[in-house]
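Shown next: target.csv, containing CSV, C-alpha atoms.
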```csv
chain,number,residue,atom,x,y,z
D,31,MET,CA,0.0,0.0,0.0
D,32,ALA,CA,1.5,3.4,-1.0
D,33,LEU,CA,0.6,6.7,0.6
D,34,ARG,CA,0.0,10.1,-0.7
D,35,HIS,CA,2.8,12.4,0.6
D,36,GLU,CA,1.4,16.0,0.5
D,37,PRO,CA,2.7,17.9,3.5
D,38,THR,CA,0.2,19.9,5.4
D,39,ALA,CA,0.9,23.0,7.5
D,40,SER,CA,0.9,20.9,10.6
D,41,TYR,CA,3.4,18.5,9.1
D,42,ARG,CA,5.7,21.4,8.2
D,43,SER,CA,5.3,22.8,11.7
D,44,VAL,CA,6.2,19.5,13.3
D,45,GLN,CA,9.3,19.2,11.1
D,46,ASP,CA,10.5,22.6,12.4
D,47,ALA,CA,9.5,21.7,15.9
D,48,LEU,CA,11.5,18.5,15.8
D,49,ARG,CA,14.5,20.4,14.5
D,50,VAL,CA,14.2,22.8,17.4
D,51,LEU,CA,13.7,20.0,20.0
D,52,GLU,CA,16.6,18.0,18.7
D,53,THR,CA,18.8,21.1,19.0
D,54,VAL,CA,17.7,21.7,22.5
D,55,ALA,CA,18.3,18.1,23.4
D,56,ARG,CA,21.7,18.1,21.9
D,57,ARG,CA,22.7,21.2,24.0
D,58,GLY,CA,21.8,19.5,27.3
D,59,THR,CA,22.9,22.4,29.5
D,60,GLY,CA,20.6,24.9,27.8
D,61,ILE,CA,20.4,27.1,24.7
D,62,ASN,CA,19.0,30.5,24.2
D,63,ASP,CA,16.7,31.9,21.5
D,64,SER,CA,19.3,33.5,19.3
D,65,GLU,CA,21.5,30.3,19.3
D,66,LEU,CA,18.4,28.3,18.5
D,67,ALA,CA,17.5,30.5,15.6
D,68,ARG,CA,21.1,30.4,14.2
D,69,GLU,CA,21.5,26.6,14.6
D,70,THR,CA,18.0,25.6,13.3
D,71,GLY,CA,17.6,28.2,10.6
D,72,VAL,CA,14.1,28.9,11.9
D,73,GLY,CA,13.0,32.6,11.8
D,74,THR,CA,12.6,34.5,15.0
D,75,GLU,CA,8.8,34.9,14.8
D,76,ARG,CA,8.2,31.3,13.9
D,77,LEU,CA,10.7,30.1,16.5
D,78,THR,CA,8.7,32.0,19.2
D,79,THR,CA,5.5,30.3,18.1
D,80,LEU,CA,7.2,26.8,18.1
D,81,LEU,CA,8.8,27.4,21.5
D,82,ARG,CA,5.4,28.4,22.9
D,83,MET,CA,3.9,25.2,21.7
D,84,LEU,CA,6.8,23.1,22.9
D,85,ARG,CA,6.6,24.7,26.4
D,86,ARG,CA,2.8,24.2,26.6
D,87,GLU,CA,3.2,20.5,25.7
D,88,ALA,CA,6.1,20.2,28.3
D,89,TYR,CA,8.6,19.2,25.6
D,90,VAL,CA,10.9,22.0,26.6
D,91,GLU,CA,11.1,24.3,29.6
D,92,GLN,CA,12.9,27.6,30.3
D,93,ILE,CA,15.4,27.8,33.1
D,94,THR,CA,16.3,30.8,35.2
D,95,ASP,CA,18.8,32.3,32.8
D,96,GLY,CA,16.2,32.2,30.0
D,97,ALA,CA,17.8,29.2,28.2
D,98,TYR,CA,15.8,26.2,27.0
D,99,VAL,CA,16.2,22.6,28.1
D,100,THR,CA,14.2,19.5,27.4
D,101,GLY,CA,11.0,19.1,29.5
D,102,ALA,CA,9.2,16.4,31.4
D,103,ALA,CA,7.1,15.2,28.5
D,104,PHE,CA,10.1,14.8,26.3
D,105,ALA,CA,11.8,12.7,29.0
D,106,ARG,CA,8.7,10.5,29.3
D,107,VAL,CA,7.8,10.0,25.7
D,108,GLY,CA,11.4,9.7,24.6
D,109,SER,CA,12.2,7.0,27.1
D,110,ALA,CA,12.2,3.3,25.9
D,111,ASP,CA,10.7,2.3,29.2
D,112,GLY,CA,7.0,2.8,29.3
D,113,HIS,CA,7.0,4.7,26.0
D,114,GLN,CA,3.6,3.6,24.9
D,115,GLU,CA,1.9,4.4,28.2
D,116,ALA,CA,3.7,7.8,28.3
D,117,LEU,CA,2.7,8.5,24.7
D,118,ARG,CA,-0.9,7.6,25.5
D,119,GLU,CA,-1.1,9.9,28.5
D,120,THR,CA,0.5,12.8,26.6
D,121,LEU,CA,-1.9,12.4,23.7
D,122,GLN,CA,-4.8,12.2,26.1
D,123,HIS,CA,-3.8,15.5,27.7
D,124,THR,CA,-3.6,17.1,24.2
D,125,LEU,CA,-7.0,15.7,23.1
D,126,ASP,CA,-8.6,16.9,26.3
D,127,ARG,CA,-7.3,20.4,25.6
D,128,LEU,CA,-8.4,20.2,22.0
D,129,ARG,CA,-11.9,19.1,23.1
D,130,ASP,CA,-12.2,22.2,25.3
D,131,SER,CA,-10.7,24.4,22.6
D,132,VAL,CA,-13.1,23.4,19.9
D,133,GLY,CA,-16.1,22.6,22.1
D,134,ALA,CA,-16.6,19.2,20.6
D,135,ALA,CA,-15.7,15.5,21.1
D,136,VAL,CA,-12.3,14.9,19.6
D,137,TYR,CA,-11.0,11.6,18.2
D,138,LEU,CA,-7.6,10.2,17.2
D,139,SER,CA,-7.7,7.5,14.6
D,140,ARG,CA,-5.2,5.4,12.7
D,141,TYR,CA,-5.3,3.1,9.7
D,142,VAL,CA,-3.8,-0.1,11.0
D,143,ASP,CA,-3.4,-3.4,9.0
D,144,GLY,CA,-6.0,-2.2,6.5
D,145,GLU,CA,-8.6,-1.2,9.1
D,146,VAL,CA,-10.0,2.0,10.6
D,147,LYS,CA,-9.3,2.2,14.3
D,148,VAL,CA,-10.2,5.0,16.7
D,149,THR,CA,-7.3,4.8,19.2
D,150,GLN,CA,-8.2,7.5,21.7
D,151,TYR,CA,-10.9,10.2,22.2
D,152,ALA,CA,-11.9,13.0,24.5
D,153,ASP,CA,-15.5,13.7,25.3
D,154,GLY,CA,-17.5,15.1,28.2
D,155,PRO,CA,-21.0,15.9,29.4
D,156,ASP,CA,-21.3,18.9,27.0
D,157,THR,CA,-19.4,17.2,24.2
D,158,PRO,CA,-20.8,13.7,23.8
D,159,LYS,CA,-19.0,11.3,21.5
D,160,VAL,CA,-20.7,9.7,18.4
D,161,ASN,CA,-22.9,6.7,19.1
D,162,GLU,CA,-21.1,4.0,17.1
D,163,TRP,CA,-24.2,2.4,15.8
D,164,VAL,CA,-22.3,0.9,12.9
D,165,ASP,CA,-18.7,-0.4,13.5
D,166,PHE,CA,-16.3,2.3,12.3
D,167,ARG,CA,-14.2,-0.4,10.6
D,168,HIS,CA,-17.1,-1.0,8.2
D,169,SER,CA,-18.2,2.6,7.6
D,170,ALA,CA,-15.2,4.4,6.4
D,171,HIS,CA,-17.1,5.5,3.3
D,172,ALA,CA,-19.5,7.5,5.5
D,173,THR,CA,-17.5,8.9,8.3
D,174,ALA,CA,-15.1,11.9,8.3
D,175,VAL,CA,-12.6,9.8,10.1
D,176,GLY,CA,-12.7,7.0,7.5
D,177,LYS,CA,-12.7,9.4,4.5
D,178,SER,CA,-9.7,11.3,5.9
D,179,LEU,CA,-7.8,8.1,6.3
D,180,LEU,CA,-8.7,6.9,2.9
D,181,THR,CA,-7.6,10.1,1.2
D,182,GLN,CA,-4.1,9.4,2.6
D,183,LEU,CA,-3.9,6.1,0.7
D,184,ASP,CA,-3.2,5.8,-3.0
D,185,HIS,CA,-5.9,4.8,-5.5
D,186,GLU,CA,-5.2,1.0,-5.2
D,187,GLY,CA,-5.2,1.2,-1.4
D,188,ARG,CA,-8.7,2.9,-1.5
D,189,ARG,CA,-10.0,0.3,-3.9
D,190,ASP,CA,-8.7,-2.5,-1.8
D,191,HIS,CA,-10.5,-1.1,1.3
D,192,LEU,CA,-13.8,-0.6,-0.5
D,193,SER,CA,-13.6,-4.2,-1.9
D,194,ARG,CA,-13.4,-5.5,1.7
D,195,HIS,CA,-15.9,-3.1,3.1
D,196,ARG,CA,-18.7,-2.5,0.6
D,197,PRO,CA,-20.3,1.0,1.0
D,198,ALA,CA,-23.7,0.5,2.6
D,199,ARG,CA,-26.4,3.2,2.8
D,200,LEU,CA,-26.5,4.4,6.4
D,201,THR,CA,-28.5,7.6,5.9
D,202,SER,CA,-30.1,9.2,2.8
D,203,ARG,CA,-26.8,11.2,2.5
D,204,THR,CA,-24.4,8.3,2.4
D,205,ILE,CA,-22.4,7.8,-0.8
D,206,THR,CA,-22.7,4.2,-1.9
D,207,SER,CA,-21.2,4.5,-5.4
D,208,ASP,CA,-17.6,3.4,-5.5
D,209,ARG,CA,-16.9,5.6,-8.5
D,210,LEU,CA,-18.4,8.7,-6.9
D,211,LEU,CA,-16.6,8.1,-3.6
D,212,LEU,CA,-13.3,7.4,-5.2
D,213,ASN,CA,-13.6,10.7,-7.2
D,214,ARG,CA,-14.5,12.6,-4.1
D,215,LEU,CA,-11.5,11.1,-2.2
D,216,ALA,CA,-9.1,11.8,-5.1
D,217,SER,CA,-10.2,15.5,-5.3
D,218,GLN,CA,-10.0,16.2,-1.6
D,219,PRO,CA,-7.2,18.8,-0.9
D,220,PRO,CA,-4.9,17.6,1.9
D,221,THR,CA,-5.1,21.0,3.7
D,222,VAL,CA,-9.0,21.1,3.8
D,223,PRO,CA,-10.9,19.2,6.5
D,224,VAL,CA,-13.0,16.3,5.4
D,225,LEU,CA,-16.6,16.6,6.4
D,226,ASP,CA,-19.4,14.2,7.2
D,227,LEU,CA,-22.8,16.0,7.1
D,228,GLN,CA,-25.1,13.3,8.4
D,229,GLU,CA,-23.7,10.6,6.2
D,230,TYR,CA,-22.9,8.3,9.1
D,231,ALA,CA,-25.7,9.2,11.5
D,232,VAL,CA,-28.8,11.4,11.3
D,233,GLY,CA,-28.4,14.3,13.7
D,234,THR,CA,-24.5,14.3,13.7
D,235,VAL,CA,-21.9,16.2,11.7
D,236,CYS,CA,-18.2,15.5,11.8
D,237,ALA,CA,-14.9,16.8,10.4
D,238,ALA,CA,-11.4,15.3,10.2
D,239,VAL,CA,-7.9,16.4,9.4
D,240,PRO,CA,-4.9,14.2,8.4
D,241,ILE,CA,-1.9,13.6,10.7
D,242,THR,CA,0.3,11.3,8.7
D,243,ALA,CA,3.7,10.6,10.4
D,244,GLY,CA,6.1,8.7,8.1
D,245,SER,CA,4.4,5.5,7.0
D,246,SER,CA,1.7,5.8,9.6
D,247,VAL,CA,-1.7,7.1,8.4
D,248,GLY,CA,-3.8,8.9,11.0
D,249,CYS,CA,-6.3,11.7,11.5
D,250,LEU,CA,-7.8,14.0,14.1
D,251,ALA,CA,-11.6,14.4,14.1
D,252,LEU,CA,-14.4,16.0,15.9
D,253,SER,CA,-18.2,15.5,16.1
D,254,LEU,CA,-21.1,17.9,16.8
D,255,PRO,CA,-24.8,17.4,17.2
D,256,LEU,CA,-26.7,18.8,14.2
D,257,GLU,CA,-28.0,21.8,16.1
D,258,HIS,CA,-24.4,23.0,16.3
D,259,ALA,CA,-23.6,22.4,12.6
D,260,HIS,CA,-23.1,26.1,12.2
D,261,ARG,CA,-19.9,25.7,14.3
D,262,LEU,CA,-18.5,22.8,12.3
D,263,ARG,CA,-16.2,24.6,9.8
D,264,ARG,CA,-14.8,27.0,12.4
D,265,ALA,CA,-14.2,24.1,14.8
D,266,ALA,CA,-12.6,22.1,12.0
D,267,ASP,CA,-10.3,25.0,11.1
D,268,THR,CA,-9.3,25.3,14.8
D,269,LEU,CA,-8.6,21.5,15.0
D,270,ASN,CA,-6.5,21.8,11.8
D,271,ARG,CA,-4.4,24.6,13.2
D,272,ASN,CA,-3.9,22.8,16.5
D,273,ALA,CA,-3.0,19.3,15.1
D,274,ALA,CA,0.7,19.8,15.3
D,275,PRO,CA,1.1,18.8,19.0
D,276,VAL,CA,-0.5,15.4,18.3
D,277,LEU,CA,1.6,14.8,15.2
D,278,LEU,CA,4.7,15.9,17.2
D,279,SER,CA,4.0,13.3,20.0
D,280,LEU,CA,3.6,10.6,17.4
D,281,ALA,CA,6.8,11.6,15.6
D,282,ILE,CA,9.1,11.6,18.7
```
Hey, can you dump this file as C-alpha cells for me?
Amino acid sequence: MALRHEPTASYRSVQDALRVLETVARRGTGINDSELARETGVGTERLTTLLRMLRREAYVEQITDGAYVTGAAFARVGSADGHQEALRETLQHTLDRLRDSVGAAVYLSRYVDGEVKVTQYADGPDTPKVNEWVDFRHSAHATAVGKSLLTQLDHEGRRDHLSRHRPARLTSRTITSDRLLLNRLASQPPTVPVLDLQEYAVGTVCAAVPITAGSSVGCLALSLPLEHAHRLRRAADTLNRNAAPVLLSLAI
C-alpha cells in the first residue's frame, strides 16, 4: 500500500519543531533563542511560536537564565521504558485540551493493517461522542474519520479497502457508489478538513484532518450534534491549526 505524501501546514510545523527540539536536546545544559535561531535556521517569529507550543506541551522548559532545556514530556515519551503508556497519557492531555478548545468531542484515529481504528478520544457531558451504531471499521465511506484516512492512501489502497468493506447506505446522504466516492477522495485537498454531514448518522456532523507521520496514516476528528452544525467549519479549522502537538507526539 502506497501513501500520498502531500505535506500539510501541521506536518511542516512538526518538522520545524522536531529540529528545534533535537537542537535543545543536543545542548543539554541549555540554549537561548538566538542560538536556536542560528542553529536551526528557523526565523525568530516562527521560533517564538514553536517554543510556545513546545513549552505548553512540556517538551521544553525555560530555566532561570532564559535558556531552554528539554522538559518532562520529552523525557517520558522519549524513554524506551513505558514509552507507549507515556505517549498515550501525553496524547490524552492534548486531546482533552483540543476538546475544550473546539467545544466538541475529539478523536484520534489510525489506519492499522487495512482497518480504521479509533485509538483515543476525549468527550464530556457537554461534548458527547458519536454513538457507534455501525462499526467504524465497516463505515469508512460514510465517516469523516474514514474518508480522511482513505484520502491518505493511494488509489489502489482505497479500492482495496472498498472491496473489503462495501459501501452501505446508512442515511439518505451516504455515498454508496464506488466511482463517486473514489472521485471525491481523489479530489480532496490535503489541507482542507474532510466533512461528514449526516452521512454516518442522522443528527450528527463531523470533520477530520490528516496527521500522517512517516508510513503511519492517522487523523484527528471532531463531532457535533446537528444543532451545532453552524460551528463545524470553524471548529474544524481550529482543529486543523492545532493538530501539530498530536503529530509531534507521534513523531518523537
Minimum-distance residue to D:Thr181, chosen among D:Arg118, D:Arg196, D:Arg214, D:His258 (using all atoms listed in the file) |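 Closest residue, counting all atoms listed in the file: D:Arg214.
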What is the distance between atom CA of D:Ile205 and atom CA of D:Thr268, in Å to one decimal?
-> 26.9 Å
What's the 9 Å shell around D:Ala231, counting only C-alpha atoms, without same-chain residues fewer than 4 positions away, as a ChimeraX atom specification?
-> /D:160-163,172-173,200-201,227,235
Which one of D:Asp165, D:Glu145, D:Glu257, D:Asp153 sits closest to D:Asp190 if you count all atoms listed in the file?
-> D:Glu145
Between D:Leu180, D:Thr120, D:Ala134, D:Glu52, single out the one closest to D:Leu277, counting all atoms listed in the file.
->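 Answer, going by the shortest atom-to-atom distance: D:Thr120.
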Check the smallest atom-to-atom distance from each of D:Pro197, D:Gly60, D:Pro240, D:Pro158 to D:Gln92 using only C-alpha atoms, then report the winner.
-> D:Gly60
At most 7 Å from (-16.9, 15.8, 20.4), file frame, only C-alpha atoms: which residues, as a ChimeraX atom specification?
-> /D:129,134-136,153,157-159,252-254
For stretch 235-267 of chain D, which lacks atoms in the input, supply N, CA and C atoms and format the output as a short mmCIF file (atom, residue, chain, number, x, y, z; two decimals), in the coordinates of the input.
```cif
data_model
loop_
_atom_site.label_atom_id
_atom_site.label_comp_id
_atom_site.auth_asym_id
_atom_site.auth_seq_id
_atom_site.Cartn_x
_atom_site.Cartn_y
_atom_site.Cartn_z
N VAL D 235 -22.85 15.75 12.78
CA VAL D 235 -21.90 16.20 11.70
C VAL D 235 -20.50 16.07 12.29
N CYS D 236 -19.56 15.81 11.41
CA CYS D 236 -18.20 15.50 11.80
C CYS D 236 -17.20 16.19 10.84
N ALA D 237 -15.96 16.34 11.30
CA ALA D 237 -14.90 16.80 10.40
C ALA D 237 -13.60 16.12 10.87
N ALA D 238 -12.67 15.94 9.92
CA ALA D 238 -11.40 15.30 10.20
C ALA D 238 -10.28 15.91 9.42
N VAL D 239 -9.07 15.90 10.01
CA VAL D 239 -7.90 16.40 9.40
C VAL D 239 -6.77 15.37 9.44
N PRO D 240 -5.91 15.26 8.41
CA PRO D 240 -4.90 14.20 8.40
C PRO D 240 -3.73 14.52 9.35
N ILE D 241 -3.16 13.48 9.94
CA ILE D 241 -1.90 13.60 10.70
C ILE D 241 -1.01 12.44 10.38
N THR D 242 -0.56 12.41 9.16
CA THR D 242 0.30 11.30 8.70
C THR D 242 1.74 11.58 9.21
N ALA D 243 2.30 10.55 9.88
CA ALA D 243 3.70 10.60 10.40
C ALA D 243 4.44 9.45 9.77
N GLY D 244 5.33 9.74 8.80
CA GLY D 244 6.10 8.70 8.10
C GLY D 244 5.16 7.76 7.37
N SER D 245 5.23 6.46 7.68
CA SER D 245 4.40 5.50 7.00
C SER D 245 3.10 5.22 7.75
N SER D 246 2.86 5.96 8.82
CA SER D 246 1.70 5.80 9.60
C SER D 246 0.58 6.75 9.22
N VAL D 247 -0.59 6.22 8.87
CA VAL D 247 -1.70 7.10 8.40
C VAL D 247 -2.63 7.31 9.63
N GLY D 248 -2.92 8.58 9.89
CA GLY D 248 -3.80 8.90 11.00
C GLY D 248 -4.60 10.15 10.74
N CYS D 249 -5.53 10.45 11.64
CA CYS D 249 -6.30 11.70 11.50
C CYS D 249 -6.84 12.11 12.88
N LEU D 250 -7.13 13.39 12.98
CA LEU D 250 -7.80 14.00 14.10
C LEU D 250 -9.22 14.32 13.64
N ALA D 251 -10.22 14.07 14.47
CA ALA D 251 -11.60 14.40 14.10
C ALA D 251 -12.39 14.94 15.22
N LEU D 252 -13.52 15.53 14.89
CA LEU D 252 -14.40 16.00 15.90
C LEU D 252 -15.86 15.77 15.46
N SER D 253 -16.77 15.72 16.42
CA SER D 253 -18.20 15.50 16.10
C SER D 253 -19.03 16.52 16.86
N LEU D 254 -20.14 16.90 16.24
CA LEU D 254 -21.10 17.90 16.80
C LEU D 254 -22.51 17.41 16.55
N PRO D 255 -23.41 17.66 17.49
CA PRO D 255 -24.80 17.40 17.20
C PRO D 255 -25.29 18.38 16.11
N LEU D 256 -26.29 17.99 15.35
CA LEU D 256 -26.70 18.80 14.20
C LEU D 256 -27.08 20.22 14.56
N GLU D 257 -27.62 20.43 15.76
CA GLU D 257 -28.00 21.80 16.10
C GLU D 257 -26.78 22.73 16.27
N HIS D 258 -25.58 22.14 16.29
CA HIS D 258 -24.40 23.00 16.30
C HIS D 258 -23.62 22.92 15.00
N ALA D 259 -24.29 22.50 13.96
CA ALA D 259 -23.60 22.40 12.60
C ALA D 259 -23.05 23.70 12.16
N HIS D 260 -23.62 24.81 12.59
CA HIS D 260 -23.10 26.10 12.20
C HIS D 260 -21.69 26.36 12.68
N ARG D 261 -21.26 25.60 13.69
CA ARG D 261 -19.90 25.70 14.30
C ARG D 261 -18.90 24.80 13.62
N LEU D 262 -19.35 23.92 12.74
CA LEU D 262 -18.50 22.80 12.30
C LEU D 262 -17.25 23.33 11.56
N ARG D 263 -17.41 24.19 10.58
CA ARG D 263 -16.20 24.60 9.80
C ARG D 263 -15.25 25.39 10.62
N ARG D 264 -15.72 26.25 11.50
CA ARG D 264 -14.80 27.00 12.40
C ARG D 264 -14.08 26.05 13.31
N ALA D 265 -14.82 25.10 13.89
CA ALA D 265 -14.20 24.10 14.80
C ALA D 265 -13.19 23.27 14.05
N ALA D 266 -13.51 22.89 12.81
CA ALA D 266 -12.60 22.10 12.00
C ALA D 266 -11.31 22.85 11.70
N ASP D 267 -11.43 24.13 11.41
CA ASP D 267 -10.30 25.00 11.10
C ASP D 267 -9.38 25.06 12.39
#
```
